[in-house]
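Student: The structure that follows is given in the form of structure tokens.
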Amino acid sequence: MTSRSCLEVVNVTKRFGGLVALDNVSLKVPEGKIIGLIGPNGAGKTTLFNIITGYIKPDKGKVLFKGIDITGKPPYEICKLGIARTFQIPKPFLDLTVEDSVIAGAINRHGVGEAKKKAMEILEYLELKDLKDKYCSELNIVQSKKVELARALATEPKLLLLDEIAAGLNPAEIQELMELIKRINYEKKITIFVIEHIMRMILKLSEYVYVLHYGKLIAEGKPEELVHNEKVIEAYLGRKVVISR
Amino acid sequence: MLISIVQALVNGVLIGCIYALIAIGLQMIYGVLGIINLAHGDFLMLAMLIAYSFAYMTGMDVTLTFLLTFPLLFIIGAGVYLSVINPLIKRKPLFQFAMTLGLSFFLPSIAQVVWGTEPKASPSTILSGVIHMGGISITYSYLTAGLVGVLAIIALYIFMNRTYLGLAIRAVPDNKDAAALMGVNIKMIYCISFALGIALLALPGSLLMAFQNAYPTIGTRYNLLAWCVVVLAGLGSFSGLLVSGLIVGIIESLIASLWDPRATPLGIYLVFLLILWLKPKGLFGRG
Amino acid sequence: MKSYIKRMLPIMIGIVLSFLVPVMVGFDEFYILLATTILVYSVVASAWNIIGGFGGQLDLGAAAYLGLGAFITGNLLLKFGITPWIGMFIGGITATAVAIVIGYPTFRLGVKGVWYALSTISVVYILQTLFLMWEEVGGPVEKWLPRGEASLYYLSFRTYIPYYYIALVFLIITLIINRLVEHSRLGYSLKALAYDEDAAMSLGINVQRTKLKALMIYSFIVGTFGGFYVCFTGFMHPVVDFSIPFSIEIVVLGIVGGLGTIYGPLLASLILVSLKEYLRGTFGAIIMGIYPAIYAIALILIILFAPQGLASVLKEAFYFIITKLRIRTMRGG
């Protein structure tokens with residue numbers, strides 16, 4: 001982990017009542033890479049994303065984005081600084097068309113005319129152009145996820161956080177999505193931080209992976225190293241969670 | 001001065017019990033169905049006018065008419081639920097809210113058709129007397145209202161916690177799917193809860209008739225007042241209603257006696273705004 | 001270009017027709033009064049559309065802003081002889097100021113949905129009570145505005161025709177503002193946050209500020225219009241100007257018309273308020289309460305059977321008729 005870090009999480013702790021959701025978590029996401037975060041359900045992955053993107057304030061610790069302290073900033077400011085995200089449970093604008101949803105992502109950096117152009121570019125890039133006049137309520141799950149991705153890309157992020165984007169998809173769709181994520185990373189030079197509990201996907205996709213278990217980082221390393229890490233195997237198999245599917 | 005404050009407190013406590021009674025049904029409808037009913041005061045108006053008519057037709061004392069009003073309101077409530085609320089139950093909450101707004105137009109106008117716009121006062125009741133205690137006077141009607149209010153809330157508490165139907169009603173909002181799996185008929189529970197929520201207005205309706213006039217537009221005032229009591233208590237809290245009803249009653253009667261009777265909405269709605277802003281879960285709300 | 005003309009054509013026809021209404025009713029004062037009343041609802045419902053339709057905020061405070069504009073304009077005219085044209089503007093500014101005082105904490109503290117609705121309607125109650133108590137400017141007895149010579153400067157006329165045209169201009173301006181908002185950054189942000197505030201924030205949309213902007217535009221239009229309204233009715237009364245049923249009716253018209261479109265609230269006010277006034281004219285004197293009851297039933301039926309609103313029902317009906325006609329002409333030909 002030598003290259004300059006894009007995102008740095010330093011000693012973040014978060015409690016909900018008596019429950020410790022995140023316990024002194026520190027990690028780094030280097031510029032230009034695809035980094036993974038895995039862990040069984042309830043490990044605190046989404047909480048960490050919510051802290052990074054400003055939806056939740058941590059009890060302790062800091063979040064640095066390109067060296068700037070963004071801890072506790074509101075989500076819309078964090079987005080303007082260049083972090084975009086998708087949600088674990090997609091949050092589509094059901095009453096809007098696909099095109100308008102993506103425009104809504106682009107307007108914070110551009111005027112309406114320019115935003116429309118930008119939105120079209122992104123829809124074309126993600127091969128969603130045919131859907132542009134459909135309402136988000138008419139989409140199937142893959143399409144919803146892609147539109148959410150398009151919306152996030154429209155904000156022109158430098159760092160993209162993907163929260164279980166493969167959940168609910170079949171293997172072929174997952175494969176397609178993985179190619180897409182790699183392409184976005186490579187062609188658009190966007191750093192990507194992925195949460196997944198489907199191990200196989202994340203191991204194929206990311207260059208470096210953190211493992212979160214009950215709010216604690218229990219392991220980190222290159223994917224091929226982690227497969228043989230005992231703590232990881234225990235965390236997953238001990239709880240009877242399937243590694244691959 | 002002191003006497004008038006004590007008098008105002010006593011009045012406030014007693015009227016507050018009626019407010020709590022009014023709010024019970026609203027709390028139940030919101031708690032079970034999640035519907036923001038902005039026509040609850042209009043149903044109360046209906047309860048008052050029906051109580052008046054029963055007293056007038058049967059020569060019964062108006063405070064006792066709730067025995068007749070209750071079943072009638074239950075039927076009306078069930079009818080309203082089945083005809084206009086149930087078809088909307090799977091839609092966005094906005095539409096159910098809009099429907100209660102529609103009802104808040106419909107009920108007063110239909111009441112005008114039936115009863116006319118003239119204020120209706122019931123003939124004197126057994127509760128017309130006054131007790132004097134060291135400079136403070138308490139009318140029987142207020143006293144009864146207070147006592148009945150407390151009793152009704154206790155009875156409802158027992159109903160909700162000890163009977164099958166009560167427990168089923170409580171189970172539904174917590175987990176709709178689990179309740180359905182356990183064989184609870186959701187539609188019936190919704191219907192019963194809505195009807196019961198309306199029927200419970202029979203008590204405050206006939207009690208209010210003992211010392212107030214009723215007319216078709218009187219409900220407007222209670223539409224929001226009832227919400228004020230519910231929000232102050234916190235959503236889902238039945239016992240809290242008694243406290244919040246008292247708070248609203250006391251604020252109202254203190255302002256009326258110390259400042260200006262016309263200023264009472266000012267105090268109540270300022271408190272309401274502050275609660276909505278600062279403590280949206282109310283004083284005793286769940287979660 | 002052709003599609004532009006095709007789109008503009010109905011709008012142009014609408015504008016021309018609406019300007020011809022007084023001629024079409026033969027300058028009959030009764031019908032012009034009726035048409036002006038319809039316009040009053042249309043203006044307020046269209047202004048509400050900005051916060052309620054686009055932004056999804058159930059604002060029940062329309063009467064608060066209308067009343068403020070009415071009382072400020074009325075009192076400035078009555079006490080200081082200040083022209084309603086200036087009064088209107090001051091009314092609009094004051095309404096906006098009050099809207100900010102209420103809206104800022106409300107949005108900041110994340111009061112949403114029906115809680116927002118309840119807090120806005122309590123503002124109407126509070127203002128109504130204040131003006132009922134404050135006898136200097138309000139009080140329980142209506143205060144009549146002077147009706148002297150006909151004068152555009154004092155917005156005082158012997159006939160309803162000028163009021164009709166002024167209200168019509170208000171409506172056209174409000175619709176233009178709607179159109180501008182819809183195709184602006186504000187419009188897209190509003191439509192996004194109307195559905196999901198968290199998702200909107202993740203796209204860099206400052207939810208609080210966006211809502212506040214919409215609230216300011218809406219309250220300014222309604223406040224200003226209140227200044228016209230008081231000259232049109234000719235008197236001030238707290239219960240009439242800060243009317244709770246009016247506030248509620250505006251929201252119902254917005255919902256019934258179809259949320260998120262410009263023509264929804266407009267069509268709802270045009271059709272339903274005409275229906276109401278027609279019913280009032282027909283049954284009003286015969287049986288008390290029957291006309292609002294029928295009107296309420298109409299609203300209830302639309303909520304029940306037209307979830308997408310009146311606008312989409314009419315659209316479907318229109319296409320249905322068009323296709324039927326086409327089939328018939330094809331058969332005929």
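Scheme for the structure tokens: letters A, B, ... for chains in order shown; per-chain residue numbers from 1; ligand numbers from 1 in order shown.
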Residues within 8 Å of Tyr19 (chain B), please, as an MDAnalysis selection string. Count only C-alpha atoms; anything in the same chain fewer than 5 positions from it doesn't count.

Tutor: chainID B and resid 204 226 229 245:246 248:249

Student: Given the selection you just returned, output its residues as a file containing N, CA, C and O atoms, formatted as a compact mmCIF listing (two decimals), in the first residue's frame.

Tutor:
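Output below, filename again_20.txt:
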```
# COMPACT_ATOMS: atom_id res chain seq x y z
N PRO B 204 -66.42 11.21 24.75
CA PRO B 204 -66.21 12.66 24.82
C PRO B 204 -67.33 13.43 24.15
O PRO B 204 -67.68 14.53 24.58
N ALA B 226 -56.74 17.46 18.62
CA ALA B 226 -56.55 16.04 18.94
C ALA B 226 -55.14 15.61 18.55
O ALA B 226 -54.48 14.86 19.28
N VAL B 229 -52.60 16.71 21.11
CA VAL B 229 -52.52 15.81 22.27
C VAL B 229 -51.73 14.55 21.92
O VAL B 229 -50.85 14.12 22.69
N GLY B 245 -53.06 15.25 27.46
CA GLY B 245 -54.40 15.86 27.48
C GLY B 245 -54.47 16.89 28.60
O GLY B 245 -54.94 18.02 28.40
N LEU B 246 -53.96 16.50 29.78
CA LEU B 246 -53.96 17.42 30.91
C LEU B 246 -53.11 18.66 30.59
O LEU B 246 -53.53 19.78 30.88
N VAL B 248 -52.43 20.01 27.70
CA VAL B 248 -53.14 20.88 26.77
C VAL B 248 -54.31 21.59 27.48
O VAL B 248 -54.50 22.80 27.35
N GLY B 249 -55.05 20.82 28.29
CA GLY B 249 -56.19 21.40 29.01
C GLY B 249 -55.74 22.52 29.94
O GLY B 249 -56.36 23.59 30.01
```

Student: Could you list the residues in chain C lying within 9 Å of chain A, using only C-alpha atoms, and format the result as a VMD selection string?

Tutor: chain C and resid 183 to 185 188 to 189 191 to 196 198 to 207 260

Student: Could you work out which residues of chain B fall inside 8 Å of chain C? Count only C-alpha atoms, and format the result as a ChimeraX atom specification.

Tutor: /B:36,84,87-88,95,98-99,101-103,105-113,116-117,224,262-263,265-266,269-270,272-273,276-278

Student: Kindly save the residues from that selection, with C-alpha atoms included, as a PDB file, in the first residue's frame.

Tutor:
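Output (part-v6.pdb):
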```
ATOM      1  CA  ILE B  36     -52.823  10.558   9.714  1.00  0.00           C
ATOM      2  CA  VAL B  84     -63.031   4.761   1.319  1.00  0.00           C
ATOM      3  CA  PRO B  87     -59.200   0.634  -1.057  1.00  0.00           C
ATOM      4  CA  LEU B  88     -56.303   3.010  -0.358  1.00  0.00           C
ATOM      5  CA  PHE B  95     -53.526   9.260  -0.371  1.00  0.00           C
ATOM      6  CA  ALA B  98     -55.764  13.172   1.379  1.00  0.00           C
ATOM      7  CA  MET B  99     -58.815  10.986   1.995  1.00  0.00           C
ATOM      8  CA  LEU B 101     -58.901  15.746   4.222  1.00  0.00           C
ATOM      9  CA  GLY B 102     -61.723  14.876   1.849  1.00  0.00           C
ATOM     10  CA  LEU B 103     -63.698  13.532   4.803  1.00  0.00           C
ATOM     11  CA  PHE B 105     -64.976  18.466   3.875  1.00  0.00           C
ATOM     12  CA  PHE B 106     -67.646  15.835   3.600  1.00  0.00           C
ATOM     13  CA  LEU B 107     -68.616  15.301   7.245  1.00  0.00           C
ATOM     14  CA  PRO B 108     -69.395  18.937   8.152  1.00  0.00           C
ATOM     15  CA  SER B 109     -71.402  19.434   4.991  1.00  0.00           C
ATOM     16  CA  ILE B 110     -73.434  16.283   5.445  1.00  0.00           C
ATOM     17  CA  ALA B 111     -73.990  17.326   9.082  1.00  0.00           C
ATOM     18  CA  GLN B 112     -75.295  20.631   7.754  1.00  0.00           C
ATOM     19  CA  VAL B 113     -77.743  18.795   5.567  1.00  0.00           C
ATOM     20  CA  GLY B 116     -78.606  22.572   9.829  1.00  0.00           C
ATOM     21  CA  THR B 117     -76.076  25.199  10.834  1.00  0.00           C
ATOM     22  CA  LEU B 224     -55.797  19.681  15.048  1.00  0.00           C
ATOM     23  CA  ARG B 262     -59.370  34.108  22.598  1.00  0.00           C
ATOM     24  CA  ALA B 263     -55.641  33.471  22.936  1.00  0.00           C
ATOM     25  CA  PRO B 265     -55.153  28.455  20.275  1.00  0.00           C
ATOM     26  CA  LEU B 266     -52.013  30.587  20.315  1.00  0.00           C
ATOM     27  CA  TYR B 269     -50.305  25.581  18.734  1.00  0.00           C
ATOM     28  CA  LEU B 270     -47.050  27.232  19.754  1.00  0.00           C
ATOM     29  CA  PHE B 272     -47.471  21.968  19.300  1.00  0.00           C
ATOM     30  CA  LEU B 273     -44.959  23.542  16.922  1.00  0.00           C
ATOM     31  CA  LEU B 276     -43.026  18.873  16.463  1.00  0.00           C
ATOM     32  CA  TRP B 277     -39.689  20.606  16.045  1.00  0.00           C
ATOM     33  CA  LEU B 278     -37.805  19.619  19.141  1.00  0.00           C
TER      34      LEU B 278
END
```

Student: So that I can check the surroundings of region 76-81 of chain C, please list as a ChimeraX atom specification every protein, DNA and RNA residue that reaches within 8 Å of it, counting only C-alpha atoms and ignoring chain neighbours fewer than 5 positions away.

Tutor: /C:87,145-146

Student: Using only C-alpha atoms, which protein or nucleic acid residues come within 12 Å of Pro261 (chain B)? Drop anything in the same chain fewer than 6 positions from it, and give the result as a VMD selection string.

Tutor: (chain B and resid 8 251 to 255 267) or (chain C and resid 129 132 to 133)

Student: Need the shell around Phe131 (chain C): protein/DNA/RNA residues with any atom at most 7 Å away, counting only C-alpha atoms. Skip same-chain ones fewer than 6 positions apart. Format as a list in words?

Tutor: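 So, after excluding close chain neighbours, the residues are Gly138, Gly139 and Pro238 of chain C.
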
Student: Output all heavy atoms of each residue in that selection to a file, as a compact mmCIF listing (two decimals), in the first residue's frame.

Tutor:
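As written to disk, out-v8.txt reads:
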```txt
# COMPACT_ATOMS: atom_id res chain seq x y z
N GLY C 138 -56.87 43.85 12.81
CA GLY C 138 -57.75 42.74 12.44
C GLY C 138 -59.05 42.80 13.24
O GLY C 138 -59.85 43.70 13.07
N GLY C 139 -59.19 41.83 14.14
CA GLY C 139 -60.37 41.79 14.97
C GLY C 139 -61.46 40.95 14.36
O GLY C 139 -61.39 40.57 13.19
N PRO C 238 -60.02 37.87 9.65
CA PRO C 238 -59.04 36.82 9.93
C PRO C 238 -59.52 35.42 9.57
O PRO C 238 -58.76 34.60 9.08
CB PRO C 238 -58.82 36.93 11.45
CG PRO C 238 -59.16 38.34 11.77
CD PRO C 238 -60.26 38.73 10.82
```

Student: Rounded to one decimal in Å, what is the spacing between CA of Gly25 (chain B) and CA of Leu201 (chain B)?

Tutor: 6.9 Å

Student: Given the choices C:Asn75, C:Thr174, C:Ser247, C:Ser312, which gets closest to Thr224 (chain C) if the distance is worked out from only C-alpha atoms?

Tutor: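 Closest candidate: C:Thr174.
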
Student: Got a sec: who's within 9 Å of region 145-159 of chain B, counting only C-alpha atoms, leaving out chain neighbours fewer than 6 positions off, as an NGL selection string?

Tutor: :B and (13-21 or 24 or 165-167 or 203-204 or 207-208 or 238-239 or 241-242)

Student: Do you know which residues are at most 9 Å from Phe170 (chain C) counting only C-alpha atoms, after dropping those on the same chain fewer than 2 positions away, and could you put them as JSON, numbers by chain?

Tutor: {"C": [39, 43, 165, 166, 167, 168, 172, 173, 174, 175, 221, 225]}

Student: Output N, CA and C atoms of each residue in that selection to a file, as a PDB file, in the first residue's frame.

Tutor:
```pdb
ATOM      1  N   LEU C  39     -59.935  31.431 -10.695  1.00  0.00           N
ATOM      2  CA  LEU C  39     -58.548  31.848 -10.880  1.00  0.00           C
ATOM      3  C   LEU C  39     -57.816  31.964  -9.551  1.00  0.00           C
ATOM      4  N   VAL C  43     -54.340  30.096  -8.998  1.00  0.00           N
ATOM      5  CA  VAL C  43     -53.067  30.753  -8.711  1.00  0.00           C
ATOM      6  C   VAL C  43     -52.418  30.118  -7.480  1.00  0.00           C
ATOM      7  N   TYR C 165     -58.945  40.028 -15.060  1.00  0.00           N
ATOM      8  CA  TYR C 165     -57.725  40.098 -15.877  1.00  0.00           C
ATOM      9  C   TYR C 165     -56.470  40.151 -15.020  1.00  0.00           C
ATOM     10  N   ILE C 166     -56.555  40.867 -13.887  1.00  0.00           N
ATOM     11  CA  ILE C 166     -55.373  40.916 -13.020  1.00  0.00           C
ATOM     12  C   ILE C 166     -55.073  39.508 -12.480  1.00  0.00           C
ATOM     13  N   ALA C 167     -56.119  38.799 -12.052  1.00  0.00           N
ATOM     14  CA  ALA C 167     -55.916  37.442 -11.548  1.00  0.00           C
ATOM     15  C   ALA C 167     -55.339  36.551 -12.646  1.00  0.00           C
ATOM     16  N   LEU C 168     -55.818  36.784 -13.876  1.00  0.00           N
ATOM     17  CA  LEU C 168     -55.334  35.981 -14.997  1.00  0.00           C
ATOM     18  C   LEU C 168     -53.839  36.223 -15.225  1.00  0.00           C
ATOM     19  N   ILE C 172     -50.832  33.507 -15.117  1.00  0.00           N
ATOM     20  CA  ILE C 172     -49.855  33.270 -16.181  1.00  0.00           C
ATOM     21  C   ILE C 172     -48.435  33.400 -15.635  1.00  0.00           C
ATOM     22  N   ILE C 173     -48.211  34.435 -14.789  1.00  0.00           N
ATOM     23  CA  ILE C 173     -46.876  34.594 -14.200  1.00  0.00           C
ATOM     24  C   ILE C 173     -46.531  33.375 -13.338  1.00  0.00           C
ATOM     25  N   THR C 174     -47.494  32.928 -12.527  1.00  0.00           N
ATOM     26  CA  THR C 174     -47.238  31.775 -11.661  1.00  0.00           C
ATOM     27  C   THR C 174     -46.900  30.543 -12.485  1.00  0.00           C
ATOM     28  N   LEU C 175     -47.610  30.370 -13.594  1.00  0.00           N
ATOM     29  CA  LEU C 175     -47.340  29.203 -14.444  1.00  0.00           C
ATOM     30  C   LEU C 175     -45.968  29.315 -15.095  1.00  0.00           C
ATOM     31  N   ILE C 221     -45.230  34.268  -3.866  1.00  0.00           N
ATOM     32  CA  ILE C 221     -46.349  34.361  -4.828  1.00  0.00           C
ATOM     33  C   ILE C 221     -47.673  34.476  -4.081  1.00  0.00           C
ATOM     34  N   PHE C 225     -50.160  37.611  -3.904  1.00  0.00           N
ATOM     35  CA  PHE C 225     -51.519  37.411  -4.417  1.00  0.00           C
ATOM     36  C   PHE C 225     -52.548  37.774  -3.351  1.00  0.00           C
TER      37      PHE C 225
END
```

Student: Hey, what does DSSP flag as strand (DSSP E or B) within region 135-239 of chain C? Can you give it to me as number ranges by chain?

Tutor: C: 143-144, 151, 156, 235-236

Student: Write out as a PyMOL selection string all residues of region 158-319 of chain C that backbone DSSP assigns to helix (DSSP H, G or I).

Tutor: chain C and resi 161-182+185-195+197-202+207-233+238-241+244-257+263-283+290-305+310-319

Student: Can you tell me how far CA of Val141 (chain C) sits from CA of Gly69 (chain C), in Å to one decimal?

Tutor: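 Atom-to-atom, CA of Val141 (chain C) and CA of Gly69 (chain C) are spaced 18.4 Å apart.
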